[in-house]
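Single-structure report; data block below.
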Amino acid sequence: MNLQAVGNLQFPLGDQTVSQSLSCVPTYTAQSLGTIDIPSGTASGVAFQIPFGSVANAKGYYIKAGADVKLAWNGATGAPVPVASGGFHMAAMPGNVSGTALSSGVLVTVATADGLKTITYGIFGD
């Protein structure tokens, strides 16, 4: 199967509007889609594993945040990616970087949840 990751960015630059189209179409044989609920009262610093299911090597993903979280891949602890509530983070890659498979992910809360929060995710790969 093919994942079609397509985007179009537009932003002002001086008196012009600049457009940038982005596209990547990696193949995949497995996917994991779902939601992660963050219960009301969950403290800052709590980690939630992203279920990869049968995906051992992700080639594309999206994370749509319903809470402020930090996103880390493959057990990385050095520089997690912040994703603000209402925002998203996505990537599509035709292959691995330096032969390293993207094989696990975790979301870490950055504040106490003031009600039920939901993170929507999709992981695509082999």
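Within each chain, counting starts at residue 1; across the structure tokens, chains are named A, B, ... in the order shown, with ligands numbered 1 upward in that order.
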Item to complete: Apply DSSP to the structure's backbone, then extract all residues of chain A labelled strand (DSSP E or B) and return them as a VMD selection string.
Response: chain A and resid 2 5 to 13 16 to 24 27 30 to 38 47 to 49 58 to 64 69 to 73 81 to 83 88 to 92 97 100 105 to 109 117 to 125
Prev. selection, C-alpha atoms, output as a PDB file, in the first residue's frame:
ATOM      1  CA  ASN A   2       1.071   3.599  -0.479  1.00  0.00           C
ATOM      2  CA  ALA A   5       1.614  12.426   2.642  1.00  0.00           C
ATOM      3  CA  VAL A   6       0.915  15.722   0.908  1.00  0.00           C
ATOM      4  CA  GLY A   7       0.962  19.231   2.308  1.00  0.00           C
ATOM      5  CA  ASN A   8       0.947  22.817   1.161  1.00  0.00           C
ATOM      6  CA  LEU A   9       2.402  25.602   3.295  1.00  0.00           C
ATOM      7  CA  GLN A  10       1.662  29.275   2.663  1.00  0.00           C
ATOM      8  CA  PHE A  11       3.276  32.124   4.539  1.00  0.00           C
ATOM      9  CA  PRO A  12       3.868  35.861   4.035  1.00  0.00           C
ATOM     10  CA  LEU A  13       7.352  37.041   3.129  1.00  0.00           C
ATOM     11  CA  GLN A  16       4.480  38.353  -1.160  1.00  0.00           C
ATOM     12  CA  THR A  17       2.885  35.070  -0.168  1.00  0.00           C
ATOM     13  CA  VAL A  18       5.217  32.105  -0.503  1.00  0.00           C
ATOM     14  CA  SER A  19       3.871  28.615  -1.159  1.00  0.00           C
ATOM     15  CA  GLN A  20       5.732  25.373  -0.606  1.00  0.00           C
ATOM     16  CA  SER A  21       4.274  22.012  -1.656  1.00  0.00           C
ATOM     17  CA  LEU A  22       5.516  18.873   0.075  1.00  0.00           C
ATOM     18  CA  SER A  23       4.951  15.273  -0.964  1.00  0.00           C
ATOM     19  CA  CYS A  24       6.260  11.822  -0.042  1.00  0.00           C
ATOM     20  CA  THR A  27       4.986   2.080   0.809  1.00  0.00           C
ATOM     21  CA  ALA A  30       1.045  -2.603   8.280  1.00  0.00           C
ATOM     22  CA  GLN A  31      -0.666   0.177  10.190  1.00  0.00           C
ATOM     23  CA  SER A  32      -1.744   1.065  13.705  1.00  0.00           C
ATOM     24  CA  LEU A  33      -4.475   3.682  14.134  1.00  0.00           C
ATOM     25  CA  GLY A  34      -6.225   4.808  17.281  1.00  0.00           C
ATOM     26  CA  THR A  35      -6.522   7.140  20.211  1.00  0.00           C
ATOM     27  CA  ILE A  36      -4.753   7.440  23.531  1.00  0.00           C
ATOM     28  CA  ASP A  37      -6.871   8.776  26.386  1.00  0.00           C
ATOM     29  CA  ILE A  38      -5.182  10.872  29.041  1.00  0.00           C
ATOM     30  CA  ALA A  47       4.467   8.548  29.679  1.00  0.00           C
ATOM     31  CA  PHE A  48       1.983   6.905  27.317  1.00  0.00           C
ATOM     32  CA  GLN A  49       3.323   4.298  24.870  1.00  0.00           C
ATOM     33  CA  ALA A  58       7.479   3.078  10.704  1.00  0.00           C
ATOM     34  CA  LYS A  59       7.758   5.019   7.452  1.00  0.00           C
ATOM     35  CA  GLY A  60       5.062   7.514   8.235  1.00  0.00           C
ATOM     36  CA  TYR A  61       3.041   8.765  11.177  1.00  0.00           C
ATOM     37  CA  TYR A  62       0.766  11.481  12.466  1.00  0.00           C
ATOM     38  CA  ILE A  63       0.085  12.586  16.028  1.00  0.00           C
ATOM     39  CA  LYS A  64      -2.859  14.961  16.629  1.00  0.00           C
ATOM     40  CA  VAL A  69       2.765  16.525  25.134  1.00  0.00           C
ATOM     41  CA  LYS A  70       6.352  15.745  24.241  1.00  0.00           C
ATOM     42  CA  LEU A  71       6.982  13.073  21.643  1.00  0.00           C
ATOM     43  CA  ALA A  72      10.037  10.789  21.678  1.00  0.00           C
ATOM     44  CA  TRP A  73      10.995   7.954  19.325  1.00  0.00           C
ATOM     45  CA  VAL A  81       9.476  17.021  20.143  1.00  0.00           C
ATOM     46  CA  PRO A  82       6.856  19.285  21.769  1.00  0.00           C
ATOM     47  CA  VAL A  83       3.345  19.037  20.329  1.00  0.00           C
ATOM     48  CA  PHE A  88      -0.129  17.902  15.049  1.00  0.00           C
ATOM     49  CA  HIS A  89       3.179  16.329  14.130  1.00  0.00           C
ATOM     50  CA  MET A  90       3.612  14.146  11.080  1.00  0.00           C
ATOM     51  CA  ALA A  91       6.325  12.684   8.918  1.00  0.00           C
ATOM     52  CA  ALA A  92       6.682  10.461   5.874  1.00  0.00           C
ATOM     53  CA  VAL A  97      17.799   7.080   8.381  1.00  0.00           C
ATOM     54  CA  THR A 100      17.793   2.762  12.043  1.00  0.00           C
ATOM     55  CA  GLY A 105       7.241   5.988  20.405  1.00  0.00           C
ATOM     56  CA  VAL A 106       6.105   7.587  23.632  1.00  0.00           C
ATOM     57  CA  LEU A 107       4.057  10.668  24.526  1.00  0.00           C
ATOM     58  CA  VAL A 108       4.847  12.415  27.813  1.00  0.00           C
ATOM     59  CA  THR A 109       2.426  14.857  29.452  1.00  0.00           C
ATOM     60  CA  LYS A 117      -7.638  14.559  26.884  1.00  0.00           C
ATOM     61  CA  THR A 118      -7.298  12.516  23.687  1.00  0.00           C
ATOM     62  CA  ILE A 119      -4.369  11.992  21.343  1.00  0.00           C
ATOM     63  CA  THR A 120      -5.134  10.586  17.881  1.00  0.00           C
ATOM     64  CA  TYR A 121      -2.376   8.695  16.077  1.00  0.00           C
ATOM     65  CA  GLY A 122      -1.587   6.743  12.936  1.00  0.00           C
ATOM     66  CA  ILE A 123       1.569   4.682  12.373  1.00  0.00           C
ATOM     67  CA  PHE A 124       2.331   3.239   8.913  1.00  0.00           C
ATOM     68  CA  GLY A 125       5.204   0.916   7.981  1.00  0.00           C
TER      69      GLY A 125
END
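Minimum atom-to-atom distances from A:Val110, A:Val55, A:Pro39, A:Asp15 to A:Pro80 were compared using only C-alpha atoms, and the lowest value belongs to A:Val110.
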